[in-house]
file start_33.txt (compact mmCIF, C-alpha atoms)
# COMPACT_ATOMS: atom_id res chain seq x y z
CA MET J 28 196.17 -98.80 -64.38
CA ASN J 29 195.95 -100.71 -67.69
CA TRP J 30 193.88 -99.86 -70.77
CA LYS J 31 191.06 -102.30 -69.98
CA SER J 32 190.57 -100.77 -66.54
CA LEU J 33 190.53 -97.27 -68.03
CA ALA J 34 188.02 -98.36 -70.67
CA ARG J 35 185.71 -99.83 -68.01
CA LEU J 36 185.83 -96.55 -66.12
CA ALA J 37 185.19 -94.47 -69.25
CA TYR J 38 182.58 -96.59 -71.04
CA GLY J 39 181.15 -99.00 -68.48
CA SER J 40 179.36 -101.87 -70.23
CA ARG J 41 177.80 -99.77 -73.03
CA TYR J 42 179.96 -101.35 -75.75
CA ALA J 43 180.45 -104.80 -74.25
CA LYS J 44 178.40 -106.49 -76.98
CA VAL J 45 180.27 -104.76 -79.81
CA PRO J 46 182.90 -107.10 -81.37
CA SER J 47 186.41 -106.14 -80.27
CA SER J 48 187.49 -105.52 -83.89
CA GLN J 49 184.77 -102.85 -84.20
CA ARG J 50 184.84 -101.45 -80.67
CA VAL J 51 187.93 -99.34 -81.28
CA TYR J 52 186.09 -97.55 -84.11
CA VAL J 53 182.85 -96.78 -82.27
CA ARG J 54 183.77 -95.78 -78.71
CA PRO J 55 183.90 -91.96 -78.44
CA GLY J 56 187.40 -90.56 -78.07
CA GLU J 57 189.16 -93.87 -78.58
CA ARG J 58 190.64 -92.92 -81.93
CA TRP J 59 192.49 -89.99 -80.34
CA ALA J 60 193.60 -92.08 -77.36
CA ARG J 61 194.97 -94.86 -79.55
CA GLU J 62 196.81 -92.41 -81.80
CA ALA J 63 198.42 -90.86 -78.71
CA GLN J 64 199.30 -94.34 -77.45
CA TRP J 65 200.99 -95.10 -80.80
CA GLN J 66 203.02 -91.89 -80.75
CA TRP J 67 204.15 -92.66 -77.21
CA LEU J 68 205.27 -96.13 -78.31
CA ILE J 69 207.27 -94.69 -81.25
CA ARG J 70 208.96 -92.06 -79.07
CA ARG J 71 210.13 -94.57 -76.50
CA ALA J 72 211.21 -97.36 -78.91
CA PRO J 73 215.03 -97.45 -79.23
CA VAL J 74 216.69 -96.67 -82.56
CA LEU J 75 219.46 -99.18 -83.29
CA THR J 76 221.99 -99.55 -86.06
CA LEU J 77 221.57 -102.73 -88.07
CA ASP J 78 224.74 -104.14 -86.50
CA GLU J 79 223.46 -103.39 -83.01
CA TYR J 80 220.13 -104.98 -83.82
CA ALA J 81 221.69 -108.07 -85.41
CA ALA J 82 223.99 -108.57 -82.41
CA ARG J 83 221.03 -108.98 -80.07
CA THR J 84 218.66 -110.87 -82.40
CA GLU J 85 218.64 -114.56 -83.27
CA LEU J 86 218.75 -115.39 -87.00
CA GLY J 87 216.68 -118.34 -88.24
CA ALA J 88 217.88 -120.90 -90.79
CA ILE J 89 215.86 -119.41 -93.68
CA GLU J 90 216.20 -115.76 -92.61
CA GLU J 91 218.32 -112.68 -93.30
CA PHE J 92 218.66 -109.21 -91.78
CA LEU J 93 217.32 -106.31 -93.86
CA SER J 94 217.48 -102.57 -94.17
CA CYS J 95 214.27 -100.72 -95.04
CA MET J 96 212.97 -101.79 -98.46
CA MET J 97 211.20 -98.47 -99.01
CA CYS J 98 213.95 -95.92 -98.30
CA GLY J 99 217.16 -97.89 -97.66
CA GLU J 100 217.53 -96.76 -94.03
CA SER J 101 219.57 -99.32 -92.06
CA ARG J 102 218.55 -98.22 -88.57
CA GLN J 103 215.81 -100.16 -86.80
CA GLN J 104 213.15 -99.50 -84.17
CA PRO J 105 212.13 -102.84 -82.61
CA LEU J 106 208.40 -102.70 -81.83
CA PHE J 107 206.66 -106.07 -81.55
CA GLU J 108 207.19 -109.82 -81.22
CA PRO J 109 204.02 -111.45 -82.59
CA ALA J 110 203.58 -115.15 -81.82
CA GLY J 111 200.95 -117.77 -82.53
CA GLY J 112 200.01 -121.40 -82.70
CA ASN J 113 202.48 -124.09 -83.77
CA GLY J 114 205.28 -122.14 -82.09
CA TRP J 115 205.84 -119.43 -84.70
CA ARG J 116 207.28 -116.13 -83.55
CA TYR J 117 208.99 -113.20 -85.27
CA ARG J 118 210.04 -109.59 -84.71
CA VAL J 119 208.53 -106.48 -86.29
CA VAL J 120 210.62 -103.34 -86.62
CA ARG J 121 209.85 -99.82 -87.77
CA CYS J 122 212.00 -97.71 -90.07
CA PRO J 123 212.73 -94.50 -88.13
CA ALA J 124 213.15 -92.59 -91.41
CA CYS J 125 209.94 -93.44 -93.34
CA GLY J 126 207.83 -95.39 -90.84
CA PHE J 127 207.72 -98.67 -92.81
CA LEU J 128 206.93 -101.75 -90.67
CA TYR J 129 208.55 -105.05 -91.56
CA ARG J 130 209.62 -108.38 -90.17
CA ASN J 131 213.31 -108.46 -89.33
CA PRO J 132 214.99 -110.87 -89.67
CA ASN J 133 212.97 -111.63 -92.79
CA VAL J 134 212.63 -114.73 -94.95
CA ARG J 135 215.21 -115.09 -97.73
CA PRO J 136 213.47 -114.96 -101.15
CA GLU J 137 214.82 -118.34 -102.24
CA ARG J 138 213.23 -119.93 -99.15
CA LEU J 139 209.83 -118.28 -99.52
CA GLY J 140 208.34 -121.53 -100.83
CA ASP J 141 209.05 -123.10 -97.42
CA LEU J 142 206.10 -121.11 -96.06
CA TYR J 143 203.71 -122.67 -98.58
CA ALA J 144 204.60 -126.35 -98.40
CA ALA J 145 202.11 -129.17 -98.89
CA GLY J 146 198.85 -128.60 -97.06
CA TYR J 147 198.57 -124.83 -97.59
CA SER J 148 195.55 -125.35 -99.84
CA GLY J 149 193.77 -126.94 -96.89
CA PHE J 150 194.08 -123.61 -95.07
CA LEU J 151 192.83 -121.68 -98.10
CA THR J 152 189.75 -123.88 -98.53
CA GLY J 153 188.95 -124.18 -94.83
CA ALA J 154 187.75 -121.53 -92.41
CA TYR J 155 189.84 -118.89 -94.20
CA ALA J 156 187.86 -119.33 -97.39
CA ALA J 157 184.49 -118.58 -95.80
CA ASN J 158 183.13 -115.34 -97.24
CA ARG J 159 186.28 -114.70 -99.31
CA GLN J 160 184.37 -114.30 -102.55
CA ARG J 161 182.00 -111.87 -100.84
CA ARG J 162 185.06 -109.82 -99.85
CA TYR J 163 186.29 -109.81 -103.45
CA GLU J 164 182.87 -108.65 -104.66
CA LEU J 165 182.83 -105.80 -102.11
CA VAL J 166 186.30 -104.60 -103.15
CA MET J 167 185.41 -104.71 -106.84
CA ARG J 168 182.24 -102.75 -106.11
CA GLY J 169 184.35 -100.06 -104.40
CA PHE J 170 186.35 -99.57 -107.60
CA SER J 171 183.48 -99.77 -110.09
CA PRO J 172 183.44 -99.80 -113.08
CA VAL J 173 186.93 -101.32 -113.35
CA PHE J 174 185.73 -104.90 -112.84
CA ASP J 175 182.19 -104.65 -114.16
CA GLU J 176 183.00 -106.12 -117.57
CA GLY J 177 185.93 -108.36 -118.46
CA LYS J 178 185.26 -109.16 -122.12
CA GLU J 179 188.43 -108.91 -124.24
CA ARG J 180 190.52 -107.99 -121.17
CA ARG J 181 193.42 -110.07 -119.82
CA LEU J 182 193.74 -110.52 -116.06
CA LEU J 183 196.50 -112.01 -113.91
CA ASP J 184 195.80 -113.02 -110.32
CA PHE J 185 199.23 -113.12 -108.67
CA GLY J 186 199.14 -115.49 -105.69
CA CYS J 187 195.90 -117.04 -106.90
CA GLY J 188 195.72 -119.78 -104.25
CA VAL J 189 192.93 -122.24 -104.97
CA GLY J 190 191.33 -119.98 -107.59
CA LEU J 191 188.54 -118.37 -105.55
CA PHE J 192 188.95 -115.02 -107.32
CA LEU J 193 189.67 -116.56 -110.72
CA GLU J 194 186.21 -118.11 -110.55
CA LEU J 195 184.68 -114.66 -110.27
CA ALA J 196 186.95 -113.26 -112.99
CA GLU J 197 185.98 -115.90 -115.53
CA ARG J 198 182.28 -115.33 -114.73
CA ARG J 199 182.77 -111.64 -115.58
CA GLY J 200 184.31 -112.52 -118.92
CA PHE J 201 188.01 -111.91 -118.25
CA ASP J 202 190.67 -113.94 -120.02
CA ALA J 203 192.05 -114.91 -116.61
CA TYR J 204 195.33 -116.44 -115.49
CA GLY J 205 196.72 -117.18 -112.05
CA VAL J 206 200.10 -118.06 -110.60
CA ASP J 207 201.01 -119.35 -107.12
CA LEU J 208 203.91 -120.87 -105.15
CA SER J 209 201.73 -123.55 -103.57
CA ALA J 210 201.60 -126.60 -105.85
CA ASP J 211 198.64 -128.19 -104.09
CA SER J 212 196.71 -124.91 -104.26
CA VAL J 213 197.28 -124.69 -108.02
CA ALA J 214 196.09 -128.27 -108.38
CA GLU J 215 192.91 -127.43 -106.45
CA ALA J 216 192.40 -124.33 -108.64
CA GLY J 217 192.63 -126.50 -111.75
CA ARG J 218 189.76 -128.63 -110.46
CA ARG J 219 187.68 -125.55 -109.64
CA LEU J 220 188.12 -123.50 -112.84
CA HIS J 221 186.61 -123.77 -116.32
CA ARG J 222 188.23 -121.26 -118.70
CA ALA J 223 190.69 -119.56 -116.35
CA ARG J 224 194.05 -121.24 -115.85
CA ALA J 225 196.35 -121.42 -112.81
CA PHE J 226 200.09 -122.20 -112.93
CA PHE J 227 202.66 -123.14 -110.32
CA GLY J 228 205.77 -120.98 -110.04
CA ALA J 229 206.76 -117.40 -110.88
CA PRO J 230 205.35 -115.35 -113.80
CA GLU J 231 208.56 -115.65 -115.78
CA ASP J 232 208.24 -119.46 -115.64
CA VAL J 233 205.02 -119.41 -117.69
CA PRO J 234 205.28 -118.19 -121.32
CA GLU J 235 201.61 -117.14 -121.47
CA ILE J 236 202.17 -114.89 -118.44
CA ALA J 237 205.76 -113.76 -119.08
CA ALA J 238 204.60 -112.25 -122.39
CA GLY J 239 202.67 -109.61 -120.41
CA GLY J 240 199.98 -107.45 -121.96
CA PHE J 241 197.63 -107.70 -118.96
CA ASP J 242 194.87 -105.17 -118.51
CA VAL J 243 194.51 -105.98 -114.82
CA ILE J 244 196.76 -107.61 -112.22
CA THR J 245 195.29 -108.48 -108.81
CA LEU J 246 197.04 -109.11 -105.49
CA TRP J 247 194.51 -110.43 -102.99
CA SER J 248 196.15 -110.57 -99.54
CA VAL J 249 199.53 -111.10 -101.25
CA LEU J 250 201.50 -107.87 -100.75
CA ALA J 251 202.43 -108.67 -97.14
CA HIS J 252 203.98 -111.95 -98.33
CA LEU J 253 206.52 -110.45 -100.76
CA PRO J 254 210.16 -110.42 -99.57
CA ARG J 255 211.42 -108.22 -102.45
CA PRO J 256 208.53 -105.85 -103.20
CA LEU J 257 210.44 -103.38 -105.37
CA GLU J 258 211.54 -106.16 -107.72
CA ASP J 259 208.07 -107.69 -107.81
CA PHE J 260 206.29 -104.40 -108.50
CA ALA J 261 208.74 -103.46 -111.24
CA ARG J 262 207.84 -106.82 -112.80
CA PHE J 263 204.11 -106.15 -112.44
CA ARG J 264 204.56 -102.80 -114.12
CA ARG J 265 206.28 -104.50 -117.08
CA LEU J 266 203.52 -107.12 -117.33
CA LEU J 267 200.77 -104.50 -117.59
CA ALA J 268 199.54 -103.31 -120.97
CA PRO J 269 199.18 -99.56 -121.66
CA GLY J 270 196.19 -98.39 -119.64
CA GLY J 271 196.66 -101.24 -117.18
CA LEU J 272 195.65 -101.41 -113.53
CA LEU J 273 196.95 -103.15 -110.41
CA LEU J 274 194.56 -103.99 -107.57
CA ILE J 275 195.86 -104.60 -104.05
CA LEU J 276 194.04 -105.83 -100.97
CA THR J 277 196.31 -106.05 -97.93
CA VAL J 278 196.37 -105.54 -94.19
CA ASN J 279 196.70 -101.88 -93.23
CA ALA J 280 199.69 -101.01 -91.04
CA GLY J 281 198.08 -97.63 -90.37
CA SER J 282 195.12 -99.40 -88.82
CA LEU J 283 193.64 -98.15 -85.56
CA LEU J 284 193.24 -101.80 -84.65
CA LEU J 285 197.01 -102.35 -84.93
CA LYS J 286 197.60 -99.38 -82.64
CA ALA J 287 195.14 -100.86 -80.15
CA CYS J 288 196.27 -104.50 -80.28
CA GLY J 289 200.03 -104.21 -80.81
CA PRO J 290 201.60 -107.67 -81.22
CA GLY J 291 198.15 -109.26 -81.03
CA TRP J 292 196.94 -107.50 -84.20
CA ASN J 293 195.32 -109.92 -86.66
CA GLY J 294 197.56 -108.63 -89.48
CA PHE J 295 200.60 -110.20 -87.82
CA THR J 296 200.22 -113.74 -89.14
CA LYS J 297 202.75 -116.51 -89.64
CA ASN J 298 203.46 -115.87 -93.33
CA HIS J 299 203.32 -112.06 -93.39
CA LEU J 300 206.64 -110.32 -94.02
CA MET J 301 205.97 -106.59 -94.60
CA PHE J 302 203.22 -104.23 -93.52
CA TYR J 303 202.13 -101.15 -95.52
CA ASP J 304 200.08 -98.06 -94.84
CA SER J 305 198.83 -95.52 -97.38
CA ARG J 306 202.14 -93.61 -97.30
CA THR J 307 204.49 -96.54 -97.77
CA VAL J 308 202.38 -98.17 -100.49
CA ARG J 309 202.56 -94.85 -102.38
CA THR J 310 206.35 -94.99 -102.07
CA LEU J 311 206.41 -98.54 -103.43
CA LEU J 312 204.22 -97.64 -106.41
CA ARG J 313 206.06 -94.42 -107.24
CA ARG J 314 209.46 -96.10 -107.11
CA THR J 315 208.32 -98.83 -109.52
CA GLY J 316 206.86 -96.52 -112.17
CA PHE J 317 203.12 -96.31 -111.49
CA ALA J 318 201.49 -93.02 -112.41
CA GLY J 319 198.66 -92.81 -109.87
CA VAL J 320 196.81 -94.50 -107.04
CA ALA J 321 193.32 -94.49 -105.54
CA PHE J 322 192.13 -95.87 -102.20
CA ALA J 323 188.76 -97.19 -101.06
CA PRO J 324 188.02 -97.32 -97.32
CA HIS J 325 187.43 -100.65 -95.59
CA TYR J 326 184.61 -100.57 -93.05
CA GLY J 327 184.55 -104.32 -92.52
CA ASP J 328 182.84 -106.96 -94.62
CA SER J 329 179.75 -107.29 -92.41
CA VAL J 330 179.16 -103.52 -92.33
CA GLU J 331 179.47 -103.21 -96.10
CA ALA J 332 177.35 -106.30 -96.79
CA GLY J 333 174.63 -105.08 -94.42
CA THR J 334 174.92 -108.09 -92.09
CA THR J 335 176.52 -106.33 -89.12
CA ARG J 336 174.96 -106.62 -85.68
CA LEU J 337 175.92 -103.03 -84.90
CA ARG J 338 173.07 -100.65 -84.25
CA PRO J 339 172.65 -98.24 -87.20
CA GLU J 340 174.02 -95.26 -85.27
CA LEU J 341 177.15 -97.24 -84.31
CA ALA J 342 177.66 -98.48 -87.87
CA ALA J 343 177.47 -94.86 -89.04
CA ARG J 344 179.99 -93.82 -86.38
CA LEU J 345 182.34 -96.61 -87.48
CA ARG J 346 182.19 -95.38 -91.06
CA ARG J 347 182.97 -91.81 -90.00
CA THR J 348 185.92 -92.92 -87.88
CA VAL J 349 187.37 -94.98 -90.74
CA GLU J 350 186.96 -92.11 -93.21
CA ARG J 351 188.54 -89.54 -90.89
CA GLY J 352 191.41 -91.77 -89.86
CA ASP J 353 193.27 -94.77 -91.16
CA GLY J 354 190.96 -96.18 -93.84
CA GLY J 355 190.17 -99.37 -91.92
CA ASN J 356 191.90 -102.59 -90.96
CA MET J 357 192.40 -103.63 -94.59
CA MET J 358 193.79 -101.40 -97.32
CA ARG J 359 192.21 -101.34 -100.78
CA VAL J 360 194.44 -99.88 -103.45
CA LEU J 361 194.04 -99.36 -107.20
CA ALA J 362 197.28 -98.41 -108.98
CA PHE J 363 197.29 -96.85 -112.46
CA ALA J 364 200.11 -97.84 -114.79
CA ASP J 365 200.12 -94.62 -116.82
CA ASP J 366 198.20 -91.53 -117.88
CA GLU J 367 196.04 -93.64 -120.20
CA ALA J 368 194.86 -95.71 -117.24
CA ILE J 369 194.06 -92.59 -115.20
CA GLY J 370 192.16 -91.07 -118.10
CA ARG J 371 190.14 -94.20 -118.78
CA TRP J 372 189.36 -95.42 -115.25
CA GLY J 373 190.00 -92.55 -112.85
CA ALA J 374 187.06 -90.24 -113.50
CA SER J 375 184.90 -91.60 -110.66
CA LEU J 376 187.79 -92.10 -108.21
CA ASP J 377 189.97 -89.81 -106.10
CA VAL J 378 193.28 -90.42 -107.89
CA HIS J 379 196.55 -89.29 -106.28
CA ARG J 380 199.21 -88.71 -108.92
CA LEU J 381 202.53 -90.40 -108.18
CA LEU J 382 204.34 -89.24 -111.33
CA PRO J 383 203.79 -86.04 -113.29
CA PRO J 384 201.87 -86.34 -116.58
CA GLY J 385 204.07 -88.15 -119.06
CA GLY J 386 205.49 -90.46 -116.42
CA LEU J 387 208.79 -88.71 -115.72
CA ALA J 388 209.92 -88.95 -112.10

call {"tool": "encode", "arguments": {"input": "start_33.txt", "output": "structure tokens"}}
result
Amino acid sequence: MNWKSLARLAYGSRYAKVPSSQRVYVRPGERWAREAQWQWLIRRAPVLTLDEYAARTELGAIEEFLSCMMCGESRQQPLFEPAGGNGWRYRVVRCPACGFLYRNPNVRPERLGDLYAAGYSGFLTGAYAANRQRRYELVMRGFSPVFDEGKERRLLDFGCGVGLFLELAERRGFDAYGVDLSADSVAEAGRRLHRARAFFGAPEDVPEIAAGGFDVITLWSVLAHLPRPLEDFARFRRLLAPGGLLLILTVNAGSLLLKACGPGWNGFTKNHLMFYDSRTVRTLLRRTGFAGVAFAPHYGDSVEAGTTRLRPELAARLRRTVERGDGGNMMRVLAFADDEAIGRWGASLDVHRLLPPGGLA
């Protein structure tokens, strides 16, 4: 008997009108069932050496095989083969040592631009862009007062796309810059912005950005796209001024929805390369010199904006499930560069220290 048949027996039609992305958070007992399902999947997935895995896996023209970026473990647990429109397909493996999920084979860094060829801005300004600025506002609200006032503060939006967030940043008074690998997206951002500026290429290609001294760096749905995260985050740490902050919004690999949907999870998209949960993002930040981190739960944009169709008692149940479990389908992270940042911005947040006071590992 499959899961849908079991669910019909257990719940009948009581939750049929609840959107599938919310159903897993509101049906009684489902959190425990999905966690047990996930543990069963992990126990039965084979553990292969990298050579064994490579011998049975096709390598694409722009791809390479990887060991775990978080802990260096070379063994692999093959889990999923997500696929979608236009014929894309890839494999997701799990590190048996630290639990990190990543695409393997992965895209070689020098070919990353192939994923953002001409036309990518059309995606960013189409259906994807609907409600994006509302999402940014909700995330900033969750980390108040960090983004309340931008006067005399420098901000870098890494992977700025067409400048949707930069618009908000310049309205709040930030001296805002953006950088992106999509040339047509940067051109669209230039038409959209007034004071903020967007550049094509990497941070080190732009003197105004390479000089660093940023008070805030933002990564909106960017982390999953980075093929060399340790190198990138070491660079972000260098670009931050004393007291600086790094904001991350990314898909959550600890999500109950991932455990329910498997390869059909909406976080497995064509251009996503690596998938973090709260444990592995801590590892990434600690290894690249950040002093602390805080998380804000993600209940879903419609729930937080008050536009959900869920009955009030179900919306409250969803919030409780998110808080007691994985934190939601998206992960909201605020990283603190140093003790000064924690002291200035951490008073109203639950900050987890990654380095001891003074910054020594």

call {"tool": "atom_distance", "arguments": {"input": "start_33.txt", "atom1": "atom CA of Ala63 of chain J", "atom2": "atom CA of Lys286 of chain J"}}
result
9.4 Å

call {"tool": "residues_around", "arguments": {"input": "start_33.txt", "residues": "segment 84-99 of chain J", "least_positions_apart": "3", "cutoff": "10 Å", "atoms": "only C-alpha atoms", "output": "number ranges by chain"}}
result
J: 76-81, 102-103, 117-118, 120-139, 141, 254-257, 301, 307-311, 314

call {"tool": "closest_atom_pairs", "arguments": {"input": "start_33.txt", "of": "segment 78-190 of chain J", "to": "segment 238-242 of chain J", "cutoff": "8 Å", "atoms": "all atoms listed in the file", "output": "tab-separated table"}}
result
residue	atom	partner	partner_atom	distance
J:Arg180	CA	J:Asp242	CA	5.8
J:Arg181	CA	J:Phe241	CA	4.9
J:Leu182	CA	J:Phe241	CA	5.6
J:Leu183	CA	J:Phe241	CA	6.7

call {"tool": "residues_around", "arguments": {"input": "start_33.txt", "residues": "segment 38-50 of chain J", "least_positions_apart": "3", "cutoff": "12 Å", "atoms": "only C-alpha atoms", "output": "NGL selection string"}}
result
:J and (30-35 or 53-58 or 282-288 or 291-294 or 325-330 or 335-338 or 341-346 or 348-349 or 355-357)

call {"tool": "residues_around", "arguments": {"input": "start_33.txt", "residues": "Gly188 of chain J", "least_positions_apart": "4", "cutoff": "9 Å", "atoms": "all atoms listed in the file", "output": "list of chain:residue names"}}
result
J:Tyr147, J:Ser148, J:Leu151, J:Phe192, J:Gly205, J:Val206, J:Asp207, J:Leu208, J:Ser209, J:Asp211, J:Ser212, J:Val213, J:Glu215, J:Ala216, J:Ala225

call {"tool": "build_atoms", "arguments": {"input": "start_33.txt", "residues": "segment 130-139 of chain J", "atoms": "all heavy atoms", "output": "PDB file, in the frame of the given file"}}
result
ATOM      1  N   ARG J 130     209.057-107.275 -90.955  1.00  0.00           N
ATOM      2  CA  ARG J 130     209.620-108.380 -90.170  1.00  0.00           C
ATOM      3  C   ARG J 130     211.129-108.390 -90.357  1.00  0.00           C
ATOM      4  O   ARG J 130     211.617-108.345 -91.479  1.00  0.00           O
ATOM      5  CB  ARG J 130     208.988-109.674 -90.669  1.00  0.00           C
ATOM      6  CG  ARG J 130     209.464-110.959 -90.058  1.00  0.00           C
ATOM      7  CD  ARG J 130     208.543-112.054 -90.575  1.00  0.00           C
ATOM      8  NE  ARG J 130     209.070-113.390 -90.360  1.00  0.00           N
ATOM      9  CZ  ARG J 130     208.376-114.519 -90.596  1.00  0.00           C
ATOM     10  NH1 ARG J 130     207.146-114.414 -91.063  1.00  0.00           N
ATOM     11  NH2 ARG J 130     208.910-115.699 -90.381  1.00  0.00           N
ATOM     12  N   ASN J 131     211.858-108.431 -89.248  1.00  0.00           N
ATOM     13  CA  ASN J 131     213.310-108.460 -89.330  1.00  0.00           C
ATOM     14  C   ASN J 131     213.870-109.218 -88.126  1.00  0.00           C
ATOM     15  O   ASN J 131     213.615-108.813 -86.996  1.00  0.00           O
ATOM     16  CB  ASN J 131     213.887-107.036 -89.348  1.00  0.00           C
ATOM     17  CG  ASN J 131     215.231-106.950 -90.029  1.00  0.00           C
ATOM     18  OD1 ASN J 131     215.628-107.866 -90.732  1.00  0.00           O
ATOM     19  ND2 ASN J 131     215.941-105.863 -89.806  1.00  0.00           N
ATOM     20  N   PRO J 132     214.579-110.339 -88.364  1.00  0.00           N
ATOM     21  CA  PRO J 132     214.990-110.870 -89.670  1.00  0.00           C
ATOM     22  C   PRO J 132     213.784-111.306 -90.510  1.00  0.00           C
ATOM     23  O   PRO J 132     212.750-111.653 -89.989  1.00  0.00           O
ATOM     24  CB  PRO J 132     215.867-112.065 -89.327  1.00  0.00           C
ATOM     25  CG  PRO J 132     215.868-112.210 -87.853  1.00  0.00           C
ATOM     26  CD  PRO J 132     215.052-111.166 -87.244  1.00  0.00           C
ATOM     27  N   ASN J 133     214.009-111.290 -91.830  1.00  0.00           N
ATOM     28  CA  ASN J 133     212.970-111.630 -92.790  1.00  0.00           C
ATOM     29  C   ASN J 133     213.349-112.923 -93.502  1.00  0.00           C
ATOM     30  O   ASN J 133     214.481-113.389 -93.411  1.00  0.00           O
ATOM     31  CB  ASN J 133     212.789-110.485 -93.788  1.00  0.00           C
ATOM     32  CG  ASN J 133     211.356-110.308 -94.210  1.00  0.00           C
ATOM     33  OD1 ASN J 133     210.754-111.209 -94.772  1.00  0.00           O
ATOM     34  ND2 ASN J 133     210.802-109.127 -93.944  1.00  0.00           N
ATOM     35  N   VAL J 134     212.397-113.482 -94.236  1.00  0.00           N
ATOM     36  CA  VAL J 134     212.630-114.730 -94.950  1.00  0.00           C
ATOM     37  C   VAL J 134     213.406-114.449 -96.233  1.00  0.00           C
ATOM     38  O   VAL J 134     213.061-113.529 -96.986  1.00  0.00           O
ATOM     39  CB  VAL J 134     211.291-115.429 -95.270  1.00  0.00           C
ATOM     40  CG1 VAL J 134     211.513-116.689 -96.116  1.00  0.00           C
ATOM     41  CG2 VAL J 134     210.567-115.777 -93.973  1.00  0.00           C
ATOM     42  N   ARG J 135     214.446-115.242 -96.493  1.00  0.00           N
ATOM     43  CA  ARG J 135     215.210-115.090 -97.730  1.00  0.00           C
ATOM     44  C   ARG J 135     214.319-115.468 -98.923  1.00  0.00           C
ATOM     45  O   ARG J 135     213.572-116.441 -98.855  1.00  0.00           O
ATOM     46  CB  ARG J 135     216.462-115.972 -97.714  1.00  0.00           C
ATOM     47  CG  ARG J 135     217.413-115.672 -96.577  1.00  0.00           C
ATOM     48  CD  ARG J 135     218.818-116.185 -96.877  1.00  0.00           C
ATOM     49  NE  ARG J 135     218.853-117.567 -97.295  1.00  0.00           N
ATOM     50  CZ  ARG J 135     218.992-118.611 -96.484  1.00  0.00           C
ATOM     51  NH1 ARG J 135     219.069-118.431 -95.165  1.00  0.00           N
ATOM     52  NH2 ARG J 135     219.037-119.840 -96.954  1.00  0.00           N
ATOM     53  N   PRO J 136     214.374-114.700-100.015  1.00  0.00           N
ATOM     54  CA  PRO J 136     213.470-114.960-101.150  1.00  0.00           C
ATOM     55  C   PRO J 136     213.523-116.396-101.660  1.00  0.00           C
ATOM     56  O   PRO J 136     212.477-116.958-102.007  1.00  0.00           O
ATOM     57  CB  PRO J 136     213.954-113.974-102.214  1.00  0.00           C
ATOM     58  CG  PRO J 136     214.572-112.867-101.448  1.00  0.00           C
ATOM     59  CD  PRO J 136     215.218-113.511-100.254  1.00  0.00           C
ATOM     60  N   GLU J 137     214.713-116.986-101.706  1.00  0.00           N
ATOM     61  CA  GLU J 137     214.820-118.340-102.240  1.00  0.00           C
ATOM     62  C   GLU J 137     214.196-119.392-101.324  1.00  0.00           C
ATOM     63  O   GLU J 137     214.007-120.541-101.724  1.00  0.00           O
ATOM     64  CB  GLU J 137     216.286-118.695-102.525  1.00  0.00           C
ATOM     65  CG  GLU J 137     217.174-118.818-101.293  1.00  0.00           C
ATOM     66  CD  GLU J 137     217.806-117.488-100.884  1.00  0.00           C
ATOM     67  OE1 GLU J 137     217.313-116.433-101.336  1.00  0.00           O
ATOM     68  OE2 GLU J 137     218.788-117.531-100.115  1.00  0.00           O
ATOM     69  N   ARG J 138     213.867-119.004-100.085  1.00  0.00           N
ATOM     70  CA  ARG J 138     213.230-119.930 -99.150  1.00  0.00           C
ATOM     71  C   ARG J 138     211.759-119.601 -98.925  1.00  0.00           C
ATOM     72  O   ARG J 138     211.119-120.177 -98.040  1.00  0.00           O
ATOM     73  CB  ARG J 138     213.979-119.913 -97.812  1.00  0.00           C
ATOM     74  CG  ARG J 138     215.442-120.319 -97.901  1.00  0.00           C
ATOM     75  CD  ARG J 138     215.620-121.733 -98.442  1.00  0.00           C
ATOM     76  NE  ARG J 138     215.045-122.729 -97.566  1.00  0.00           N
ATOM     77  CZ  ARG J 138     215.714-123.315 -96.561  1.00  0.00           C
ATOM     78  NH1 ARG J 138     216.980-122.994 -96.327  1.00  0.00           N
ATOM     79  NH2 ARG J 138     215.120-124.230 -95.816  1.00  0.00           N
ATOM     80  N   LEU J 139     211.221-118.682 -99.720  1.00  0.00           N
ATOM     81  CA  LEU J 139     209.830-118.280 -99.520  1.00  0.00           C
ATOM     82  C   LEU J 139     208.881-119.463 -99.691  1.00  0.00           C
ATOM     83  O   LEU J 139     207.876-119.573 -98.981  1.00  0.00           O
ATOM     84  CB  LEU J 139     209.474-117.177-100.528  1.00  0.00           C
ATOM     85  CG  LEU J 139     208.111-116.507-100.346  1.00  0.00           C
ATOM     86  CD1 LEU J 139     208.025-115.819 -99.002  1.00  0.00           C
ATOM     87  CD2 LEU J 139     207.851-115.516-101.476  1.00  0.00           C
TER      88      LEU J 139
END
